[in-house]
file coords.pdb (PDB, C-alpha atoms and all ligand atoms)
ATOM      1  CA  MET A   8     163.611   9.818 240.842  1.00  0.00           C
ATOM      2  CA  PRO A   9     166.034   7.046 239.882  1.00  0.00           C
ATOM      3  CA  ALA A  10     165.253   5.364 236.581  1.00  0.00           C
ATOM      4  CA  GLY A  11     164.705   1.936 238.080  1.00  0.00           C
ATOM      5  CA  TRP A  12     162.257   3.137 240.689  1.00  0.00           C
ATOM      6  CA  TRP A  13     159.106   2.818 238.673  1.00  0.00           C
ATOM      7  CA  ALA A  14     159.920  -0.673 237.382  1.00  0.00           C
ATOM      8  CA  LEU A  15     160.661  -1.795 240.902  1.00  0.00           C
ATOM      9  CA  ARG A  16     157.432  -0.366 242.251  1.00  0.00           C
ATOM     10  CA  ALA A  17     155.344  -1.676 239.380  1.00  0.00           C
ATOM     11  CA  GLN A  18     156.379  -5.239 240.174  1.00  0.00           C
ATOM     12  CA  GLN A  19     154.858  -5.077 243.606  1.00  0.00           C
ATOM     13  CA  THR A  20     151.288  -6.168 243.419  1.00  0.00           C
ATOM     14  CA  VAL A  21     149.067  -4.323 245.815  1.00  0.00           C
ATOM     15  CA  SER A  22     147.105  -6.636 248.065  1.00  0.00           C
ATOM     16  CA  PHE A  23     143.447  -5.739 247.907  1.00  0.00           C
ATOM     17  CA  GLY A  24     142.552  -7.474 251.166  1.00  0.00           C
ATOM     18  CA  LYS A  25     145.560  -6.310 253.175  1.00  0.00           C
ATOM     19  CA  GLN A  26     146.123  -2.833 251.802  1.00  0.00           C
ATOM     20  CA  VAL A  27     143.168  -1.472 249.843  1.00  0.00           C
ATOM     21  CA  LEU A  28     140.128  -2.700 251.739  1.00  0.00           C
ATOM     22  CA  PRO A  29     141.336  -1.437 255.135  1.00  0.00           C
ATOM     23  CA  VAL A  30     141.784   2.077 253.704  1.00  0.00           C
ATOM     24  CA  LEU A  31     138.263   2.036 252.278  1.00  0.00           C
ATOM     25  CA  THR A  32     136.787   0.483 255.411  1.00  0.00           C
ATOM     26  CA  ASN A  33     138.426   2.932 257.788  1.00  0.00           C
ATOM     27  CA  ASN A  34     137.977   6.090 255.748  1.00  0.00           C
ATOM     28  CA  CYS A  35     135.125   5.771 253.277  1.00  0.00           C
ATOM     29  CA  PHE A  36     132.384   3.309 254.143  1.00  0.00           C
ATOM     30  CA  LYS A  37     130.728   5.485 256.768  1.00  0.00           C
ATOM     31  CA  CYS A  38     129.691   7.886 254.008  1.00  0.00           C
ATOM     32  CA  HIS A  39     129.747   5.578 250.967  1.00  0.00           C
ATOM     33  CA  GLY A  40     128.654   2.225 252.339  1.00  0.00           C
ATOM     34  CA  GLU A  41     125.775   0.391 253.890  1.00  0.00           C
ATOM     35  CA  THR A  42     124.105   3.253 255.741  1.00  0.00           C
ATOM     36  CA  LEU A  43     124.845   6.290 253.601  1.00  0.00           C
ATOM     37  CA  GLN A  44     125.651   6.523 249.942  1.00  0.00           C
ATOM     38  CA  LEU A  45     126.525  10.183 249.674  1.00  0.00           C
ATOM     39  CA  SER A  46     126.489  11.459 246.133  1.00  0.00           C
ATOM     40  CA  GLY A  47     124.826   8.145 245.264  1.00  0.00           C
ATOM     41  CA  LEU A  48     128.154   6.376 245.670  1.00  0.00           C
ATOM     42  CA  ASP A  49     128.623   2.963 247.274  1.00  0.00           C
ATOM     43  CA  LEU A  50     132.279   1.966 247.513  1.00  0.00           C
ATOM     44  CA  ARG A  51     131.699  -1.557 248.790  1.00  0.00           C
ATOM     45  CA  SER A  52     132.119  -3.337 245.483  1.00  0.00           C
ATOM     46  CA  ARG A  53     133.962  -3.035 242.210  1.00  0.00           C
ATOM     47  CA  ALA A  54     130.637  -3.033 240.383  1.00  0.00           C
ATOM     48  CA  THR A  55     129.292  -0.081 242.352  1.00  0.00           C
ATOM     49  CA  MET A  56     132.572   1.806 241.879  1.00  0.00           C
ATOM     50  CA  LEU A  57     132.238   1.261 238.143  1.00  0.00           C
ATOM     51  CA  LYS A  58     128.615   2.358 238.288  1.00  0.00           C
ATOM     52  CA  GLY A  59     129.804   5.319 240.320  1.00  0.00           C
ATOM     53  CA  GLY A  60     127.934   8.221 241.811  1.00  0.00           C
ATOM     54  CA  GLN A  61     126.094  11.221 240.496  1.00  0.00           C
ATOM     55  CA  HIS A  62     128.915  11.955 238.090  1.00  0.00           C
ATOM     56  CA  GLY A  63     129.343   8.462 236.684  1.00  0.00           C
ATOM     57  CA  PRO A  64     132.088   5.877 237.232  1.00  0.00           C
ATOM     58  CA  VAL A  65     134.652   6.737 239.893  1.00  0.00           C
ATOM     59  CA  ILE A  66     137.380   4.336 238.782  1.00  0.00           C
ATOM     60  CA  VAL A  67     138.903   3.635 235.385  1.00  0.00           C
ATOM     61  CA  PRO A  68     140.721   0.316 235.956  1.00  0.00           C
ATOM     62  CA  GLY A  69     144.312   0.660 234.795  1.00  0.00           C
ATOM     63  CA  ASN A  70     144.266   4.448 234.837  1.00  0.00           C
ATOM     64  CA  ALA A  71     144.362   6.174 238.207  1.00  0.00           C
ATOM     65  CA  GLU A  72     144.876   9.621 236.694  1.00  0.00           C
ATOM     66  CA  GLN A  73     141.532   9.311 234.884  1.00  0.00           C
ATOM     67  CA  SER A  74     139.796   7.979 237.972  1.00  0.00           C
ATOM     68  CA  ARG A  75     137.684  10.451 239.882  1.00  0.00           C
ATOM     69  CA  LEU A  76     138.254   8.482 243.071  1.00  0.00           C
ATOM     70  CA  TYR A  77     142.023   8.976 242.806  1.00  0.00           C
ATOM     71  CA  ARG A  78     141.692  12.596 241.728  1.00  0.00           C
ATOM     72  CA  LEU A  79     139.579  13.337 244.800  1.00  0.00           C
ATOM     73  CA  ILE A  80     141.777  11.553 247.369  1.00  0.00           C
ATOM     74  CA  SER A  81     144.927  13.128 245.939  1.00  0.00           C
ATOM     75  CA  GLY A  82     143.416  16.610 246.038  1.00  0.00           C
ATOM     76  CA  GLN A  83     143.518  17.147 242.267  1.00  0.00           C
ATOM     77  CA  GLU A  84     139.764  17.663 242.346  1.00  0.00           C
ATOM     78  CA  LYS A  85     137.572  19.146 245.044  1.00  0.00           C
ATOM     79  CA  PRO A  86     136.122  18.375 247.476  1.00  0.00           C
ATOM     80  CA  ARG A  87     138.980  16.275 248.694  1.00  0.00           C
ATOM     81  CA  MET A  88     138.005  12.834 250.010  1.00  0.00           C
ATOM     82  CA  PRO A  89     137.549  11.633 252.649  1.00  0.00           C
ATOM     83  CA  MET A  90     135.473  14.702 253.341  1.00  0.00           C
ATOM     84  CA  ASP A  91     136.210  14.538 257.061  1.00  0.00           C
ATOM     85  CA  GLY A  92     139.961  14.134 256.840  1.00  0.00           C
ATOM     86  CA  LYS A  93     142.848  13.319 254.591  1.00  0.00           C
ATOM     87  CA  LEU A  94     144.552  10.082 253.586  1.00  0.00           C
ATOM     88  CA  GLY A  95     148.261   9.656 254.213  1.00  0.00           C
ATOM     89  CA  ASP A  96     150.609   9.697 251.223  1.00  0.00           C
ATOM     90  CA  ALA A  97     151.121   5.945 251.505  1.00  0.00           C
ATOM     91  CA  GLU A  98     147.375   5.296 251.428  1.00  0.00           C
ATOM     92  CA  VAL A  99     146.903   7.544 248.410  1.00  0.00           C
ATOM     93  CA  ALA A 100     149.801   5.730 246.684  1.00  0.00           C
ATOM     94  CA  THR A 101     148.285   2.342 247.520  1.00  0.00           C
ATOM     95  CA  LEU A 102     144.955   3.227 245.935  1.00  0.00           C
ATOM     96  CA  ARG A 103     146.732   4.680 242.900  1.00  0.00           C
ATOM     97  CA  GLU A 104     148.749   1.493 242.383  1.00  0.00           C
ATOM     98  CA  TRP A 105     145.661  -0.643 242.893  1.00  0.00           C
ATOM     99  CA  ILE A 106     143.703   1.230 240.214  1.00  0.00           C
ATOM    100  CA  ASN A 107     146.700   1.141 237.883  1.00  0.00           C
ATOM    101  CA  GLN A 108     146.905  -2.615 238.376  1.00  0.00           C
ATOM    102  CA  GLY A 109     143.340  -2.926 237.135  1.00  0.00           C
ATOM    103  CA  ALA A 110     141.545  -2.582 240.485  1.00  0.00           C
ATOM    104  CA  PRO A 111     141.324  -6.333 241.147  1.00  0.00           C
ATOM    105  CA  TRP A 112     138.667  -7.179 243.709  1.00  0.00           C
ATOM    106  CA  GLU A 113     139.487 -10.288 245.705  1.00  0.00           C
ATOM    107  CA  GLY A 114     136.919 -12.501 247.277  1.00  0.00           C
ATOM    108  CA  SER A 115     133.255 -11.842 246.881  1.00  0.00           C
ATOM    109  CA  GLU A 116     132.055  -8.987 244.737  1.00  0.00           C
ATOM    110  CA  THR A 117     130.961  -7.021 247.761  1.00  0.00           C
ATOM    111  CA  ALA A 118     133.324  -6.205 250.579  1.00  0.00           C
ATOM    112  CA  ALA A 119     132.657  -9.135 252.862  1.00  0.00           C
ATOM    113  CA  ALA A 120     135.096  -7.848 255.435  1.00  0.00           C
ATOM    114  CA  ALA A 121     133.142  -4.640 255.780  1.00  0.00           C
ATOM    115  CA  PRO A 122     132.247  -4.005 259.383  1.00  0.00           C
ATOM    116  CA  ALA A 123     128.646  -3.843 260.425  1.00  0.00           C
ATOM    117  CA  ALA A 124     127.126  -0.576 259.337  1.00  0.00           C
ATOM    118  CA  PRO A 125     127.524   2.135 261.901  1.00  0.00           C
ATOM    119  CA  SER A 126     124.372   2.522 263.924  1.00  0.00           C
ATOM    120  CA  THR A 127     122.338   5.672 263.547  1.00  0.00           C
ATOM    121  CA  LYS A 128     123.639   6.624 266.959  1.00  0.00           C
ATOM    122  CA  SER A 129     127.249   6.435 265.880  1.00  0.00           C
ATOM    123  CA  LEU A 130     126.422   8.510 262.817  1.00  0.00           C
ATOM    124  CA  GLU A 131     124.884  11.138 265.061  1.00  0.00           C
ATOM    125  CA  ASP A 132     127.987  11.080 267.205  1.00  0.00           C
ATOM    126  CA  MET A 133     130.268  11.160 264.187  1.00  0.00           C
ATOM    127  CA  GLU A 134     132.346  14.242 263.947  1.00  0.00           C
ATOM    128  CA  ILE A 135     131.365  16.003 260.771  1.00  0.00           C
ATOM    129  CA  PRO A 136     133.369  18.994 259.648  1.00  0.00           C
ATOM    130  CA  ALA A 137     131.477  22.207 259.027  1.00  0.00           C
ATOM    131  CA  GLU A 138     132.078  21.814 255.320  1.00  0.00           C
ATOM    132  CA  ALA A 139     130.246  18.497 255.227  1.00  0.00           C
ATOM    133  CA  ARG A 140     127.450  19.704 257.488  1.00  0.00           C
ATOM    134  CA  ASN A 141     126.852  22.610 255.186  1.00  0.00           C
ATOM    135  CA  TYR A 142     126.911  20.288 252.257  1.00  0.00           C
ATOM    136  CA  TRP A 143     124.283  18.063 253.812  1.00  0.00           C
ATOM    137  CA  ALA A 144     122.192  21.011 254.884  1.00  0.00           C
ATOM    138  CA  LEU A 145     122.285  22.394 251.375  1.00  0.00           C
ATOM    139  CA  ARG A 146     121.515  19.128 249.696  1.00  0.00           C
ATOM    140  CA  PRO A 147     118.481  17.640 251.424  1.00  0.00           C
ATOM    141  CA  ALA A 148     117.901  15.598 248.271  1.00  0.00           C
ATOM    142  CA  ILE A 149     120.852  13.415 249.138  1.00  0.00           C
ATOM    143  CA  ILE A 150     119.667  12.801 252.654  1.00  0.00           C
ATOM    144  CA  GLY A 151     116.235  12.143 251.195  1.00  0.00           C
ATOM    145  CA  LEU A 152     117.777   9.609 248.868  1.00  0.00           C
ATOM    146  CA  SER A 153     119.517   7.675 251.593  1.00  0.00           C
ATOM    147  CA  ALA A 154     116.458   7.960 253.849  1.00  0.00           C
ATOM    148  CA  SER A 155     114.201   6.532 251.180  1.00  0.00           C
ATOM    149  CA  ARG A 156     116.611   3.687 250.532  1.00  0.00           C
ATOM    150  CA  CYS A 157     116.554   3.105 254.233  1.00  0.00           C
ATOM    151  CA  ALA A 158     112.781   3.125 254.402  1.00  0.00           C
ATOM    152  CA  THR A 159     112.651  -0.156 252.552  1.00  0.00           C
ATOM    153  CA  ARG A 160     115.144  -1.843 254.846  1.00  0.00           C
ATOM    154  CA  CYS A 161     115.255  -0.073 258.168  1.00  0.00           C
ATOM    155  CA  ARG A 162     112.689   0.414 260.868  1.00  0.00           C
ATOM    156  CA  ARG A 163     112.005   4.097 261.126  1.00  0.00           C
TER     157      ARG A 163
HETATM  158  C1  LIG B 201     132.186  12.473 255.928  1.00  0.00           C
HETATM  159  C2  LIG B 201     131.592  11.856 254.754  1.00  0.00           C
HETATM  160  C3  LIG B 201     132.505  11.347 253.641  1.00  0.00           C
HETATM  161  C4  LIG B 201     133.588  10.495 253.753  1.00  0.00           C
HETATM  162  C5  LIG B 201     134.193   9.905 255.013  1.00  0.00           C
HETATM  163  C6  LIG B 201     134.015  10.229 252.394  1.00  0.00           C
HETATM  164  N1  LIG B 201     133.219  10.898 251.500  1.00  0.00           N
HETATM  165 FE1  LIG B 201     133.347  10.805 249.469  1.00  0.00          FE
HETATM  166  N2  LIG B 201     131.803  12.132 249.294  1.00  0.00           N
HETATM  167  C7  LIG B 201     131.136  12.726 250.346  1.00  0.00           C
HETATM  168  C8  LIG B 201     130.213  13.729 249.834  1.00  0.00           C
HETATM  169  C9  LIG B 201     129.297  14.633 250.675  1.00  0.00           C
HETATM  170  C10 LIG B 201     130.358  13.705 248.414  1.00  0.00           C
HETATM  171  C11 LIG B 201     129.670  14.621 247.389  1.00  0.00           C
HETATM  172  C12 LIG B 201     130.596  15.799 247.187  1.00  0.00           C
HETATM  173  C13 LIG B 201     130.145  16.769 246.113  1.00  0.00           C
HETATM  174  O1  LIG B 201     129.618  16.324 245.101  1.00  0.00           O
HETATM  175  O2  LIG B 201     130.361  17.970 246.304  1.00  0.00           O
HETATM  176  C14 LIG B 201     131.336  12.687 248.120  1.00  0.00           C
HETATM  177  C15 LIG B 201     131.721  12.355 246.841  1.00  0.00           C
HETATM  178  C16 LIG B 201     132.683  11.402 246.536  1.00  0.00           C
HETATM  179  C17 LIG B 201     133.050  10.998 245.194  1.00  0.00           C
HETATM  180  C18 LIG B 201     132.442  11.542 243.911  1.00  0.00           C
HETATM  181  C19 LIG B 201     131.150  10.832 243.649  1.00  0.00           C
HETATM  182  C20 LIG B 201     130.499  11.272 242.360  1.00  0.00           C
HETATM  183  O3  LIG B 201     129.293  11.503 242.373  1.00  0.00           O
HETATM  184  O4  LIG B 201     131.203  11.370 241.355  1.00  0.00           O
HETATM  185  C21 LIG B 201     134.037  10.053 245.308  1.00  0.00           C
HETATM  186  C22 LIG B 201     134.759   9.311 244.183  1.00  0.00           C
HETATM  187  C23 LIG B 201     134.291   9.867 246.729  1.00  0.00           C
HETATM  188  N3  LIG B 201     133.439  10.695 247.442  1.00  0.00           N
HETATM  189  C24 LIG B 201     135.253   9.015 247.229  1.00  0.00           C
HETATM  190  C25 LIG B 201     135.515   8.872 248.587  1.00  0.00           C
HETATM  191  C26 LIG B 201     136.565   8.016 249.098  1.00  0.00           C
HETATM  192  C27 LIG B 201     137.504   7.165 248.233  1.00  0.00           C
HETATM  193  C28 LIG B 201     136.539   8.137 250.452  1.00  0.00           C
HETATM  194  C29 LIG B 201     137.475   7.502 251.436  1.00  0.00           C
HETATM  195  C30 LIG B 201     138.901   7.707 251.205  1.00  0.00           C
HETATM  196  C31 LIG B 201     135.449   9.051 250.784  1.00  0.00           C
HETATM  197  N4  LIG B 201     134.856   9.479 249.628  1.00  0.00           N
HETATM  198  C32 LIG B 201     135.076   9.400 252.072  1.00  0.00           C
HETATM  199  C33 LIG B 201     131.303  12.427 251.694  1.00  0.00           C
HETATM  200  C34 LIG B 201     132.291  11.600 252.216  1.00  0.00           C
END
call {"tool": "encode", "arguments": {"input": "coords.pdb", "output": "C-alpha cells"}}
result
Amino acid sequence: MPAGWWALRAQQTVSFGKQVLPVLTNNCFKCHGETLQLSGLDLRSRATMLKGGQHGPVIVPGNAEQSRLYRLISGQEKPRMPMDGKLGDAEVATLREWINQGAPWEGSETAAAAPAAPSTKSLEDMEIPAEARNYWALRPAIIGLSASRCATRCRR
C-alpha cells in the first residue's frame, strides 16, 4: 500500500456513536447484551468489555491485534464472531481502528442507544446456525448462567 496511506487513515477518528455502536447493536447485542451474555460476555459497555468473558478481557485499548474481540471478528481466532454471520470488511476495519484509537466510549458508560432487549419470542424465532445450536446444546452451563441471571430480573 502507498506509504502515506496509514498516516492518512490514522488521522480519521472513528465515531463511536455513528460507526462503532451500530455494528455492535446490529450484530452482537442479541448474544452479548441485555438478554444473553454468552460466554459471560456483555458488550454493552467499555467496562464490561474490559472485564471480558470467560477468557478475560476482550479488548486491549490501543492494540487491536492483541484484542480477542478483533481477533474473533477478523477470523484470526475461532469461532468467528458474530457466530451467526460475518462482518463486512469495512465493519471489521472500523472496530480495529476504534480499538487502536483507545476504544473511546462516548456518552454514558453503558450503551444508551441500545435497543430494547429482544423478547424471548424473538430469540426463539432467531435464526441460529447449527454450529451455535450445537454449542448451546453442549454447554447447558451457559444457558443456566443466563437463566439464573434472568431469574432475578425476569418473570419466569
Ligand atoms: C448467535 C450468537 C452470537 C452472536 C450474534 C455473537 N456472538 Fe460472540 N460469542 C457467542 C458464543 C456462543 C461465544 C462462546 C464461543 C466459545 O467460547 O466457543 C462467543 C464468544 C465471544 C467472545 C469471546 C468471549 C470470551 O469468553 O473470551 C467475543 C470477544 C465475542 N464473542 C465477540 C462478539 C462480537 C464482537 C460480536 C458481534 C460482532 C459477537 N460476538 C456476536 C455467540 C455470539
call {"tool": "residues_near_ligand", "arguments": {"input": "coords.pdb", "ligand": "ligand LIG 201 (chain B)", "cutoff": "7 Å", "atoms": "only C-alpha atoms and all ligand atoms", "output": "VMD selection string"}}
result
chain A and resid 30 to 31 34 to 39 45 to 48 59 to 65 75 to 76 79 to 80 86 88 to 91 94 135 139 142 to 143
call {"tool": "closest_residue", "arguments": {"input": "coords.pdb", "among": "A:Tyr77, A:Leu43, A:Lys58, A:Thr32", "to": "Thr101 of chain A", "atoms": "all atoms listed in the file"}}
result
A:Tyr77
call {"tool": "closest_residue", "arguments": {"input": "coords.pdb", "among": "A:Arg53, A:Gly82, A:Ala71, A:Glu41", "to": "Leu28 of chain A", "atoms": "all atoms listed in the file"}}
result
A:Arg53
call {"tool": "atom_distance", "arguments": {"input": "coords.pdb", "atom1": "atom CA of Arg87 of chain A", "atom2": "atom CA of Ser22 of chain A"}}
result
24.3 Å
call {"tool": "residues_around", "arguments": {"input": "coords.pdb", "residues": "Gly109 of chain A", "least_positions_apart": "5", "cutoff": "10 Å", "atoms": "only C-alpha atoms", "output": "mmCIF file with C-alpha atoms, in the coordinates of the input"}}
result
data_model
loop_
_atom_site.group_PDB
_atom_site.id
_atom_site.type_symbol
_atom_site.label_atom_id
_atom_site.label_comp_id
_atom_site.auth_asym_id
_atom_site.auth_seq_id
_atom_site.Cartn_x
_atom_site.Cartn_y
_atom_site.Cartn_z
ATOM 1 C CA ILE A 66 137.380 4.336 238.782
ATOM 2 C CA VAL A 67 138.903 3.635 235.385
ATOM 3 C CA PRO A 68 140.721 0.316 235.956
ATOM 4 C CA GLY A 69 144.312 0.660 234.795
ATOM 5 C CA ASN A 70 144.266 4.448 234.837
ATOM 6 C CA ALA A 71 144.362 6.174 238.207
ATOM 7 C CA GLU A 104 148.749 1.493 242.383
#
call {"tool": "closest_residue", "arguments": {"input": "coords.pdb", "among": "A:Gly92, A:Trp105, A:Glu98, A:Gln44", "to": "Ser74 of chain A", "atoms": "all atoms listed in the file"}}
result
A:Trp105
call {"tool": "residues_around", "arguments": {"input": "coords.pdb", "residues": "Trp112 of chain A", "least_positions_apart": "6", "cutoff": "9 Å", "atoms": "all atoms listed in the file", "output": "VMD selection string"}}
result
chain A and resid 23 to 24 52 to 53 118
call {"tool": "atom_distance", "arguments": {"input": "coords.pdb", "atom1": "atom CA of Val27 of chain A", "atom2": "atom CA of Lys85 of chain A"}}
result
21.9 Å
call {"tool": "atom_distance", "arguments": {"input": "coords.pdb", "atom1": "atom CA of Ile106 of chain A", "atom2": "atom CA of Thr55 of chain A"}}
result
14.6 Å
call {"tool": "closest_residue", "arguments": {"input": "coords.pdb", "among": "A:Leu57, A:Ala97, A:Arg78, A:Glu72", "to": "Val21 of chain A", "atoms": "all atoms listed in the file"}}
result
A:Ala97
